[in-house]
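Data block below; observations after.
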Amino acid sequence: MRQDAQVSVDPPPGEAVPPEPGGTSEPGEIEPDPRFSYANERTFLAWIRTALGLITAGLAVTQLFPKFDFPGGRRLIGLPLIALGVLIAGFSFTNWRRNEDAMRFQRPLPPSFLPRIVAVVVSVVAVIGLILALVETGRS
Amino acid sequence: MTARDPEGIDPGLASERTDLAWNRSGLSLLACGAAVARGLTIGEPVPARTAVGVTILVLGGLTWALGGWQARRRAGAGAARHTARPADLLPVAIGTAGVGVAAFVLGLFFPS
């Protein structure tokens, strides 16, 4: 009876499933809808792919591009992309975890600053690339 | 299990789409590995560059093989069935970040 009282947290109406007895659940924690957990996992994977895409693009620039006349031009374009990829790989996990916790404790999903960072870095790199390309065209 | 069977109530096939997402992500890694391998053949061979490239391919491949295997196991029937837990995804994030760090070193010190 006492054990039952311990595991029976207040299940919210509708979606909630009480945590399994003997699990590591805390008071107030509910098991999220599996569909939402799967969607969260796919979002994590989509960010991982974004990270891999940026890393691959940065590698292609530093390894496959012909050299610019401007010294370090390829690194100027490629390395920020790779660094952004590393950053995204790390935050993809912490964001996944925050979303999962928010669902478990029925809080609103936290905002993410990743999309803004991606937009800013990619824009800046594009401008650098444009300037380098224009300078090289003017020289030849 | 007290949890509902998601496939019984889920017309969106969340489990299957998640499996496909794992496949796409693995393919992205192969593309990354191919870019490194292509980079290795350009210019004079540098032992350190070769070492970094091989490390990316081996560690990255292992990370994804393990992650994908875990995901299929989790999606299957029986006691092992559960949605993703931190220990399932953290190695993938660390592995991807590791690939990125290796790529950064490669690009910074060994551009072709």
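Every chain in the structure tokens has a letter given in the order shown (A, B, ...), and although residue numbers restart at 1 in each chain, ligands are simply numbered from 1 in the order shown.
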
Practice problem: With a distance threshold of 9 Å and counting only C-alpha atoms, extract the residues of chain A near chain B and express them as an MDAnalysis selection string. | Solution: chainID A and resid 17:20 31 33:39 41:42 44:46 48:53 55:67 74:75 78:79 82:93 96:97

Practice problem: Please give the complete set of residues from chain A that DSSP, run on the backbone, assigns to helix (DSSP H, G or I), formatted as a PyMOL selection string. | Solution: chain A and resi 2-7+34-64+73-104+114-139

Practice problem: List the neighbours of A:Leu109 out to 8 Å using only C-alpha atoms; skip same-chain residues closer than 2 positions along the sequence, and give me the result as a PyMOL selection string. | Solution: chain A and resi 98-99+102-103+107+111

Quiz item: Which value, in Å to one decimal, gives the distance between atom CA of A:Val118 and atom CA of A:Leu54?
Solution: 9.9 Å
